[in-house]
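Data from run.pdb: PDB, C-alpha atoms, pLDDT in the B column
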ATOM      1  CA  MET A   1      -9.388  -1.620 -28.221  1.00 53.00           C
ATOM      2  CA  LYS A   2      -5.923  -0.515 -29.339  1.00 59.00           C
ATOM      3  CA  SER A   3      -6.743  -1.255 -32.996  1.00 71.00           C
ATOM      4  CA  PHE A   4      -9.966   0.781 -32.665  1.00 67.00           C
ATOM      5  CA  ILE A   5      -8.012   3.721 -31.167  1.00 64.00           C
ATOM      6  CA  ASN A   6      -5.490   3.425 -34.003  1.00 71.00           C
ATOM      7  CA  TRP A   7      -8.301   3.483 -36.578  1.00 75.00           C
ATOM      8  CA  ILE A   8      -9.931   6.522 -34.914  1.00 73.00           C
ATOM      9  CA  TYR A   9      -6.566   8.265 -34.727  1.00 70.00           C
ATOM     10  CA  GLY A  10      -5.857   7.451 -38.381  1.00 77.00           C
ATOM     11  CA  PHE A  11      -9.228   8.907 -39.368  1.00 77.00           C
ATOM     12  CA  ALA A  12      -8.776  12.071 -37.292  1.00 75.00           C
ATOM     13  CA  ALA A  13      -5.125  12.538 -38.295  1.00 73.00           C
ATOM     14  CA  ALA A  14      -6.035  12.240 -41.977  1.00 78.00           C
ATOM     15  CA  ILE A  15      -8.277  15.293 -41.796  1.00 79.00           C
ATOM     16  CA  GLY A  16      -6.653  17.065 -38.817  1.00 80.00           C
ATOM     17  CA  GLY A  17      -8.733  19.504 -36.766  1.00 84.00           C
ATOM     18  CA  PRO A  18     -12.080  18.578 -38.367  1.00 89.00           C
ATOM     19  CA  GLY A  19     -11.375  14.955 -37.395  1.00 88.00           C
ATOM     20  CA  ILE A  20     -10.943  15.943 -33.746  1.00 90.00           C
ATOM     21  CA  PHE A  21     -14.129  18.039 -34.008  1.00 93.00           C
ATOM     22  CA  ALA A  22     -16.081  15.049 -35.399  1.00 90.00           C
ATOM     23  CA  ILE A  23     -14.831  12.636 -32.707  1.00 89.00           C
ATOM     24  CA  ALA A  24     -15.494  15.190 -29.945  1.00 91.00           C
ATOM     25  CA  PHE A  25     -19.001  15.751 -31.300  1.00 92.00           C
ATOM     26  CA  LEU A  26     -19.782  12.028 -31.333  1.00 87.00           C
ATOM     27  CA  ASP A  27     -18.262  11.475 -27.884  1.00 86.00           C
ATOM     28  CA  SER A  28     -20.269  14.344 -26.370  1.00 88.00           C
ATOM     29  CA  SER A  29     -23.557  13.411 -28.030  1.00 86.00           C
ATOM     30  CA  PHE A  30     -24.736   9.957 -29.100  1.00 78.00           C
ATOM     31  CA  VAL A  31     -21.669   7.720 -28.792  1.00 78.00           C
ATOM     32  CA  SER A  32     -19.523   7.161 -25.701  1.00 77.00           C
ATOM     33  CA  LEU A  33     -15.829   7.087 -26.566  1.00 73.00           C
ATOM     34  CA  PRO A  34     -14.196   7.424 -23.121  1.00 68.00           C
ATOM     35  CA  GLN A  35     -10.869   9.268 -23.277  1.00 74.00           C
ATOM     36  CA  ILE A  36     -10.575   8.859 -27.079  1.00 79.00           C
ATOM     37  CA  ASN A  37     -10.668  12.625 -27.542  1.00 82.00           C
ATOM     38  CA  ASP A  38      -8.076  13.147 -24.808  1.00 82.00           C
ATOM     39  CA  ILE A  39      -5.845  10.573 -26.510  1.00 81.00           C
ATOM     40  CA  LEU A  40      -6.311  12.253 -29.892  1.00 85.00           C
ATOM     41  CA  VAL A  41      -5.419  15.690 -28.538  1.00 86.00           C
ATOM     42  CA  VAL A  42      -2.291  14.321 -26.847  1.00 86.00           C
ATOM     43  CA  LEU A  43      -1.173  12.290 -29.877  1.00 84.00           C
ATOM     44  CA  MET A  44      -1.726  15.104 -32.356  1.00 86.00           C
ATOM     45  CA  VAL A  45      -0.079  17.733 -30.147  1.00 89.00           C
ATOM     46  CA  THR A  46       2.988  15.548 -29.519  1.00 86.00           C
ATOM     47  CA  ARG A  47       3.400  15.274 -33.299  1.00 85.00           C
ATOM     48  CA  ASN A  48       2.766  18.958 -34.033  1.00 88.00           C
ATOM     49  CA  LYS A  49       3.232  21.119 -30.927  1.00 90.00           C
ATOM     50  CA  ALA A  50       2.787  24.440 -32.724  1.00 91.00           C
ATOM     51  CA  TRP A  51      -0.810  23.488 -33.580  1.00 93.00           C
ATOM     52  CA  MET A  52      -1.816  22.801 -29.954  1.00 93.00           C
ATOM     53  CA  PRO A  53      -4.224  25.788 -29.624  1.00 95.00           C
ATOM     54  CA  TYR A  54      -5.983  24.761 -32.851  1.00 95.00           C
ATOM     55  CA  TYR A  55      -6.404  21.134 -31.757  1.00 94.00           C
ATOM     56  CA  ALA A  56      -7.669  22.226 -28.330  1.00 94.00           C
ATOM     57  CA  LEU A  57     -10.116  24.634 -29.989  1.00 95.00           C
ATOM     58  CA  MET A  58     -11.488  22.000 -32.385  1.00 95.00           C
ATOM     59  CA  ALA A  59     -11.919  19.498 -29.523  1.00 94.00           C
ATOM     60  CA  THR A  60     -13.724  22.172 -27.501  1.00 95.00           C
ATOM     61  CA  LEU A  61     -16.034  23.210 -30.359  1.00 96.00           C
ATOM     62  CA  GLY A  62     -16.876  19.578 -31.132  1.00 95.00           C
ATOM     63  CA  SER A  63     -17.682  18.958 -27.478  1.00 94.00           C
ATOM     64  CA  ILE A  64     -19.874  22.074 -27.285  1.00 96.00           C
ATOM     65  CA  ALA A  65     -21.792  21.019 -30.416  1.00 96.00           C
ATOM     66  CA  GLY A  66     -22.304  17.449 -29.185  1.00 94.00           C
ATOM     67  CA  CYS A  67     -23.367  18.579 -25.708  1.00 92.00           C
ATOM     68  CA  TYR A  68     -25.798  21.078 -27.193  1.00 94.00           C
ATOM     69  CA  VAL A  69     -27.618  18.283 -29.045  1.00 92.00           C
ATOM     70  CA  ILE A  70     -28.226  16.419 -25.759  1.00 88.00           C
ATOM     71  CA  TYR A  71     -29.100  19.655 -23.958  1.00 89.00           C
ATOM     72  CA  TYR A  72     -31.593  20.644 -26.687  1.00 88.00           C
ATOM     73  CA  LEU A  73     -33.335  17.241 -26.652  1.00 85.00           C
ATOM     74  CA  ALA A  74     -33.535  17.287 -22.837  1.00 82.00           C
ATOM     75  CA  GLU A  75     -34.915  20.820 -22.866  1.00 80.00           C
ATOM     76  CA  LYS A  76     -37.638  19.752 -25.324  1.00 78.00           C
ATOM     77  CA  GLY A  77     -38.876  16.844 -23.260  1.00 73.00           C
ATOM     78  CA  GLY A  78     -36.078  14.997 -21.559  1.00 64.00           C
ATOM     79  CA  GLU A  79     -37.419  15.115 -18.007  1.00 64.00           C
ATOM     80  CA  ALA A  80     -39.537  11.977 -18.490  1.00 66.00           C
ATOM     81  CA  PHE A  81     -36.539  10.241 -20.112  1.00 63.00           C
ATOM     82  CA  VAL A  82     -34.268  11.192 -17.201  1.00 64.00           C
ATOM     83  CA  ARG A  83     -36.808  10.194 -14.541  1.00 63.00           C
ATOM     84  CA  LYS A  84     -37.223   6.738 -16.124  1.00 62.00           C
ATOM     85  CA  ARG A  85     -33.489   6.090 -15.906  1.00 59.00           C
ATOM     86  CA  LEU A  86     -32.714   7.502 -12.458  1.00 61.00           C
ATOM     87  CA  ARG A  87     -33.841   6.205  -9.102  1.00 64.00           C
ATOM     88  CA  PRO A  88     -36.552   8.236  -7.366  1.00 61.00           C
ATOM     89  CA  GLY A  89     -35.039  11.281  -5.732  1.00 63.00           C
ATOM     90  CA  HIS A  90     -31.844  11.294  -7.821  1.00 61.00           C
ATOM     91  CA  THR A  91     -33.296  13.712 -10.384  1.00 64.00           C
ATOM     92  CA  GLU A  92     -34.410  16.114  -7.641  1.00 69.00           C
ATOM     93  CA  ARG A  93     -31.004  15.943  -5.946  1.00 71.00           C
ATOM     94  CA  ALA A  94     -29.202  16.590  -9.220  1.00 67.00           C
ATOM     95  CA  LEU A  95     -31.519  19.494 -10.080  1.00 69.00           C
ATOM     96  CA  GLY A  96     -30.912  20.807  -6.575  1.00 71.00           C
ATOM     97  CA  LEU A  97     -27.188  20.938  -7.389  1.00 69.00           C
ATOM     98  CA  TYR A  98     -27.963  23.377 -10.210  1.00 69.00           C
ATOM     99  CA  LYS A  99     -30.067  25.519  -7.879  1.00 66.00           C
ATOM    100  CA  ARG A 100     -27.400  25.619  -5.158  1.00 70.00           C
ATOM    101  CA  HIS A 101     -24.212  25.756  -7.213  1.00 66.00           C
ATOM    102  CA  GLY A 102     -25.321  27.108 -10.581  1.00 69.00           C
ATOM    103  CA  LEU A 103     -23.141  26.315 -13.554  1.00 74.00           C
ATOM    104  CA  LEU A 104     -20.355  24.902 -11.365  1.00 75.00           C
ATOM    105  CA  ALA A 105     -22.559  21.773 -11.172  1.00 74.00           C
ATOM    106  CA  LEU A 106     -22.013  21.432 -14.936  1.00 79.00           C
ATOM    107  CA  MET A 107     -18.444  22.697 -15.162  1.00 80.00           C
ATOM    108  CA  ILE A 108     -16.918  20.298 -12.623  1.00 76.00           C
ATOM    109  CA  PRO A 109     -18.013  17.122 -14.499  1.00 77.00           C
ATOM    110  CA  ALA A 110     -16.965  18.794 -17.794  1.00 81.00           C
ATOM    111  CA  LEU A 111     -13.451  19.216 -16.414  1.00 76.00           C
ATOM    112  CA  LEU A 112     -13.142  15.793 -14.805  1.00 71.00           C
ATOM    113  CA  PRO A 113     -11.752  12.819 -16.738  1.00 67.00           C
ATOM    114  CA  PRO A 114     -13.879   9.662 -17.192  1.00 65.00           C
ATOM    115  CA  PRO A 115     -15.712   7.987 -15.500  1.00 65.00           C
ATOM    116  CA  ALA A 116     -17.358  11.248 -14.333  1.00 67.00           C
ATOM    117  CA  PRO A 117     -21.064  11.102 -15.402  1.00 72.00           C
ATOM    118  CA  PHE A 118     -20.763  14.202 -17.591  1.00 80.00           C
ATOM    119  CA  LYS A 119     -23.625  13.470 -20.024  1.00 82.00           C
ATOM    120  CA  LEU A 120     -26.053  13.080 -17.129  1.00 79.00           C
ATOM    121  CA  PHE A 121     -25.297  16.649 -16.030  1.00 81.00           C
ATOM    122  CA  VAL A 122     -25.704  17.869 -19.618  1.00 86.00           C
ATOM    123  CA  LEU A 123     -29.138  16.217 -19.734  1.00 82.00           C
ATOM    124  CA  LEU A 124     -30.082  17.720 -16.394  1.00 81.00           C
ATOM    125  CA  ALA A 125     -28.974  21.186 -17.555  1.00 84.00           C
ATOM    126  CA  GLY A 126     -31.625  20.942 -20.286  1.00 83.00           C
ATOM    127  CA  VAL A 127     -34.247  19.658 -17.833  1.00 79.00           C
ATOM    128  CA  ALA A 128     -33.354  22.421 -15.346  1.00 78.00           C
ATOM    129  CA  GLY A 129     -33.818  25.064 -18.049  1.00 80.00           C
ATOM    130  CA  VAL A 130     -30.278  26.463 -17.920  1.00 84.00           C
ATOM    131  CA  PRO A 131     -30.268  29.329 -20.480  1.00 87.00           C
ATOM    132  CA  PRO A 132     -28.548  28.298 -23.763  1.00 90.00           C
ATOM    133  CA  VAL A 133     -25.923  31.080 -23.665  1.00 91.00           C
ATOM    134  CA  LYS A 134     -24.926  30.167 -20.106  1.00 88.00           C
ATOM    135  CA  PHE A 135     -24.858  26.473 -21.018  1.00 91.00           C
ATOM    136  CA  VAL A 136     -22.612  27.008 -24.048  1.00 92.00           C
ATOM    137  CA  THR A 137     -20.350  29.377 -22.088  1.00 91.00           C
ATOM    138  CA  ALA A 138     -19.971  26.894 -19.209  1.00 89.00           C
ATOM    139  CA  ILE A 139     -19.146  23.990 -21.546  1.00 92.00           C
ATOM    140  CA  GLY A 140     -16.787  26.167 -23.589  1.00 92.00           C
ATOM    141  CA  VAL A 141     -14.865  27.447 -20.555  1.00 89.00           C
ATOM    142  CA  ALA A 142     -14.637  24.037 -18.853  1.00 87.00           C
ATOM    143  CA  ARG A 143     -13.822  21.935 -21.907  1.00 90.00           C
ATOM    144  CA  GLY A 144     -11.567  24.639 -23.340  1.00 91.00           C
ATOM    145  CA  ALA A 145      -9.578  24.735 -20.102  1.00 87.00           C
ATOM    146  CA  ARG A 146      -9.396  20.930 -20.025  1.00 86.00           C
ATOM    147  CA  TYR A 147      -8.099  20.563 -23.590  1.00 90.00           C
ATOM    148  CA  LEU A 148      -5.670  23.486 -23.254  1.00 89.00           C
ATOM    149  CA  ILE A 149      -4.204  21.956 -20.089  1.00 85.00           C
ATOM    150  CA  LEU A 150      -4.044  18.556 -21.770  1.00 85.00           C
ATOM    151  CA  GLY A 151      -2.331  20.174 -24.763  1.00 89.00           C
ATOM    152  CA  LEU A 152       0.215  21.903 -22.529  1.00 88.00           C
ATOM    153  CA  LEU A 153       0.887  18.652 -20.678  1.00 85.00           C
ATOM    154  CA  ALA A 154       1.376  16.935 -24.061  1.00 87.00           C
ATOM    155  CA  ILE A 155       3.955  19.584 -25.004  1.00 89.00           C
ATOM    156  CA  TRP A 156       5.792  19.156 -21.687  1.00 87.00           C
ATOM    157  CA  TYR A 157       5.430  15.416 -21.077  1.00 83.00           C
ATOM    158  CA  GLY A 158       4.436  13.849 -24.413  1.00 79.00           C
ATOM    159  CA  ASP A 159       2.385  10.641 -24.167  1.00 71.00           C
ATOM    160  CA  LEU A 160       2.800  10.637 -20.353  1.00 76.00           C
ATOM    161  CA  ALA A 161       0.267  13.515 -20.235  1.00 71.00           C
ATOM    162  CA  LEU A 162      -2.617  11.008 -20.344  1.00 68.00           C
ATOM    163  CA  GLU A 163      -1.280   9.148 -17.319  1.00 72.00           C
ATOM    164  CA  TYR A 164      -0.874  12.452 -15.481  1.00 71.00           C
ATOM    165  CA  MET A 165      -4.499  13.408 -16.224  1.00 66.00           C
ATOM    166  CA  ARG A 166      -5.679   9.952 -15.151  1.00 66.00           C
ATOM    167  CA  THR A 167      -3.898  10.130 -11.793  1.00 72.00           C
ATOM    168  CA  HIS A 168      -4.204  13.879 -11.070  1.00 67.00           C
ATOM    169  CA  GLY A 169      -7.220  14.852 -13.196  1.00 62.00           C
ATOM    170  CA  ARG A 170      -9.565  15.485 -10.278  1.00 66.00           C
ATOM    171  CA  VAL A 171      -7.085  17.715  -8.471  1.00 69.00           C
ATOM    172  CA  VAL A 172      -6.455  19.718 -11.654  1.00 65.00           C
ATOM    173  CA  ALA A 173     -10.206  20.008 -12.307  1.00 63.00           C
ATOM    174  CA  LEU A 174     -11.052  21.149  -8.785  1.00 66.00           C
ATOM    175  CA  SER A 175      -8.184  23.662  -8.843  1.00 70.00           C
ATOM    176  CA  LEU A 176      -9.520  25.065 -12.116  1.00 65.00           C
ATOM    177  CA  VAL A 177     -13.027  25.278 -10.689  1.00 65.00           C
ATOM    178  CA  GLY A 178     -11.619  27.196  -7.701  1.00 70.00           C
ATOM    179  CA  VAL A 179      -9.848  29.651 -10.023  1.00 68.00           C
ATOM    180  CA  ILE A 180     -13.002  30.097 -12.144  1.00 64.00           C
ATOM    181  CA  ALA A 181     -15.171  30.598  -9.052  1.00 65.00           C
ATOM    182  CA  ALA A 182     -12.715  33.147  -7.612  1.00 70.00           C
ATOM    183  CA  ALA A 183     -12.647  35.013 -10.937  1.00 66.00           C
ATOM    184  CA  ALA A 184     -16.469  35.033 -11.068  1.00 62.00           C
ATOM    185  CA  VAL A 185     -16.713  36.398  -7.510  1.00 67.00           C
ATOM    186  CA  GLY A 186     -14.066  39.024  -8.297  1.00 72.00           C
ATOM    187  CA  TRP A 187     -15.940  40.098 -11.439  1.00 67.00           C
ATOM    188  CA  TRP A 188     -19.207  40.321  -9.483  1.00 66.00           C
ATOM    189  CA  LEU A 189     -17.577  42.446  -6.748  1.00 75.00           C
ATOM    190  CA  ILE A 190     -16.014  44.820  -9.303  1.00 77.00           C
ATOM    191  CA  ASN A 191     -19.346  45.276 -11.081  1.00 70.00           C
ATOM    192  CA  ARG A 192     -21.118  45.846  -7.768  1.00 75.00           C
ATOM    193  CA  ARG A 193     -18.639  48.565  -6.773  1.00 79.00           C
ATOM    194  CA  ARG A 194     -19.000  50.248 -10.158  1.00 77.00           C
ATOM    195  CA  GLN A 195     -22.790  50.270  -9.817  1.00 75.00           C
ATOM    196  CA  ALA A 196     -22.546  51.656  -6.273  1.00 75.00           C
ATOM    197  CA  ALA A 197     -20.160  54.393  -7.438  1.00 73.00           C
ATOM    198  CA  SER A 198     -22.372  55.510 -10.355  1.00 66.00           C
TER     199      SER A 198
END

Could you write out this structure as structure tokens?
Amino acid sequence: MKSFINWIYGFAAAIGGPGIFAIAFLDSSFVSLPQINDILVVLMVTRNKAWMPYYALMATLGSIAGCYVIYYLAEKGGEAFVRKRLRPGHTERALGLYKRHGLLALMIPALLPPPAPFKLFVLLAGVAGVPPVKFVTAIGVARGARYLILGLLAIWYGDLALEYMRTHGRVVALSLVGVIAAAAVGWWLINRRRQAAS
């Protein structure tokens, strides 16, 4: 596994940001490469800290593109595919999460480190008919926040950032979701007051 990670890192490092984009795209679409993208972001940031925002951006864009492929295929006929692979009732429960919690049902798995079943929620977003703009925005905000935090941890702690995310990733993710939810509620309240005043 270490030699494979070294090969992937060598490939990505040779072409920089586009390499991270390509690996993130593959990981978020057809190939599962658990934590490879996290490792790449940390390794590249520790070697070039000034480029952290760029590496985080390329990882985020690659993830959005890869997720959109799965989302698009699910939207065009993935319900039968999903139902074949989930136990009876699981699809309905997962779709119910989207109805009750909206895009938070997608953003929480996008923030969490593996083994969170992120691709399943991407598939279900397509089946549930989540509008494309909302889908892309949710993935962009969640993955962008994840890679920025990982990049900052890499600047502060170097290679130990991965261990920190592994042990505290869920707490960080849930804290971020709380901040995002509070910001969304605040935005909604401000808009409501403006409409009432006009």

Go ahead and fit an axis-aligned box to every listed atom of stretch 43-54 of chain A plus 3 Å each side, and pass me the centre and edge lengths in Å, one decimal, as lines of an AutoDock Vina configuration file.
center_x = -1.3
center_y = 19.0
center_z = -31.8
size_x = 15.4
size_y = 19.5
size_z = 10.5

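What the PyMOL selection byres ((chain A and resi 21) around 9) matches in the given file is Ala12, Gly16, Gly17, Pro18, Gly19, Ile20, Ala22, Ile23, Ala24, Phe25, Leu26, Tyr55, Leu57, Met58, Ala59, Thr60, Leu61, Gly62, Ser63 and Ala65 of chain A.
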
**OP:** Pull out every residue that the PyMOL selection byres ((chain A and resi 125) around 9) matches in the shown coordinates and put them as a count of residues only.
**Re:** 19

Original post:
Could you work out how far atom CA of A:Leu33 lies from atom CA of A:Trp51, giving the answer in Å with one decimal?
Top reply: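 Pair atom CA of A:Trp51 / atom CA of A:Leu33 returns 23.3 Å.
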
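Between atom CA of A:Lys76 and atom CA of A:Ala110 the separation is 22.0 Å.
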
Subject >> Separation of atom CA of A:Val41 from atom CA of A:Leu148 in Å >> reply: 9.4 Å

Subject >> Top pick for closest residue to A:Asp27, considering A:Tyr157, A:Tyr147, A:Tyr164, A:Phe118 and counting all atoms listed in the file >> reply: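 Counting all atoms listed in the file, the residue closest to A:Asp27 is A:Phe118.
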
Subject >> Neighbour list for A:Ala142 as a list in words, cut-off 7 Å, all atoms listed in the file, skip fewer than 2 positions in-chain >> reply: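 The filter keeps Met107, Ala110, Leu111, Ala138, Ile139, Gly140, Gly144, Ala145 and Arg146 of chain A.
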
Subject >> Residue IDs satisfying the PyMOL selection byres ((chain A and resi 151-153) around 12), as a PyMOL selection string >> reply: chain A and resi 37-57+59-60+143-150+154-165+168-169+172

What would the file look like if the residues just selected were written as a PDB file, in the frame of the given file with C-alpha atoms?
ATOM      1  CA  ASN A  37     -10.668  12.625 -27.542  1.00 82.00           C
ATOM      2  CA  ASP A  38      -8.076  13.147 -24.808  1.00 82.00           C
ATOM      3  CA  ILE A  39      -5.845  10.573 -26.510  1.00 81.00           C
ATOM      4  CA  LEU A  40      -6.311  12.253 -29.892  1.00 85.00           C
ATOM      5  CA  VAL A  41      -5.419  15.690 -28.538  1.00 86.00           C
ATOM      6  CA  VAL A  42      -2.291  14.321 -26.847  1.00 86.00           C
ATOM      7  CA  LEU A  43      -1.173  12.290 -29.877  1.00 84.00           C
ATOM      8  CA  MET A  44      -1.726  15.104 -32.356  1.00 86.00           C
ATOM      9  CA  VAL A  45      -0.079  17.733 -30.147  1.00 89.00           C
ATOM     10  CA  THR A  46       2.988  15.548 -29.519  1.00 86.00           C
ATOM     11  CA  ARG A  47       3.400  15.274 -33.299  1.00 85.00           C
ATOM     12  CA  ASN A  48       2.766  18.958 -34.033  1.00 88.00           C
ATOM     13  CA  LYS A  49       3.232  21.119 -30.927  1.00 90.00           C
ATOM     14  CA  ALA A  50       2.787  24.440 -32.724  1.00 91.00           C
ATOM     15  CA  TRP A  51      -0.810  23.488 -33.580  1.00 93.00           C
ATOM     16  CA  MET A  52      -1.816  22.801 -29.954  1.00 93.00           C
ATOM     17  CA  PRO A  53      -4.224  25.788 -29.624  1.00 95.00           C
ATOM     18  CA  TYR A  54      -5.983  24.761 -32.851  1.00 95.00           C
ATOM     19  CA  TYR A  55      -6.404  21.134 -31.757  1.00 94.00           C
ATOM     20  CA  ALA A  56      -7.669  22.226 -28.330  1.00 94.00           C
ATOM     21  CA  LEU A  57     -10.116  24.634 -29.989  1.00 95.00           C
ATOM     22  CA  ALA A  59     -11.919  19.498 -29.523  1.00 94.00           C
ATOM     23  CA  THR A  60     -13.724  22.172 -27.501  1.00 95.00           C
ATOM     24  CA  ARG A 143     -13.822  21.935 -21.907  1.00 90.00           C
ATOM     25  CA  GLY A 144     -11.567  24.639 -23.340  1.00 91.00           C
ATOM     26  CA  ALA A 145      -9.578  24.735 -20.102  1.00 87.00           C
ATOM     27  CA  ARG A 146      -9.396  20.930 -20.025  1.00 86.00           C
ATOM     28  CA  TYR A 147      -8.099  20.563 -23.590  1.00 90.00           C
ATOM     29  CA  LEU A 148      -5.670  23.486 -23.254  1.00 89.00           C
ATOM     30  CA  ILE A 149      -4.204  21.956 -20.089  1.00 85.00           C
ATOM     31  CA  LEU A 150      -4.044  18.556 -21.770  1.00 85.00           C
ATOM     32  CA  ALA A 154       1.376  16.935 -24.061  1.00 87.00           C
ATOM     33  CA  ILE A 155       3.955  19.584 -25.004  1.00 89.00           C
ATOM     34  CA  TRP A 156       5.792  19.156 -21.687  1.00 87.00           C
ATOM     35  CA  TYR A 157       5.430  15.416 -21.077  1.00 83.00           C
ATOM     36  CA  GLY A 158       4.436  13.849 -24.413  1.00 79.00           C
ATOM     37  CA  ASP A 159       2.385  10.641 -24.167  1.00 71.00           C
ATOM     38  CA  LEU A 160       2.800  10.637 -20.353  1.00 76.00           C
ATOM     39  CA  ALA A 161       0.267  13.515 -20.235  1.00 71.00           C
ATOM     40  CA  LEU A 162      -2.617  11.008 -20.344  1.00 68.00           C
ATOM     41  CA  GLU A 163      -1.280   9.148 -17.319  1.00 72.00           C
ATOM     42  CA  TYR A 164      -0.874  12.452 -15.481  1.00 71.00           C
ATOM     43  CA  MET A 165      -4.499  13.408 -16.224  1.00 66.00           C
ATOM     44  CA  HIS A 168      -4.204  13.879 -11.070  1.00 67.00           C
ATOM     45  CA  GLY A 169      -7.220  14.852 -13.196  1.00 62.00           C
ATOM     46  CA  VAL A 172      -6.455  19.718 -11.654  1.00 65.00           C
TER      47      VAL A 172
END

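Of the listed residues A:Val136, A:Leu189, A:Ile15, A:Ala182, the one whose atoms come nearest to A:Val69 is A:Val136, with distances taken using all atoms listed in the file.
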
Subject >> Using all atoms listed in the file: which of A:Ile36, A:Tyr68, A:Phe30, A:Ala13 has the shortest distance to A:Val133 >> reply: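 Smallest separation from A:Val133 among the options: A:Tyr68.
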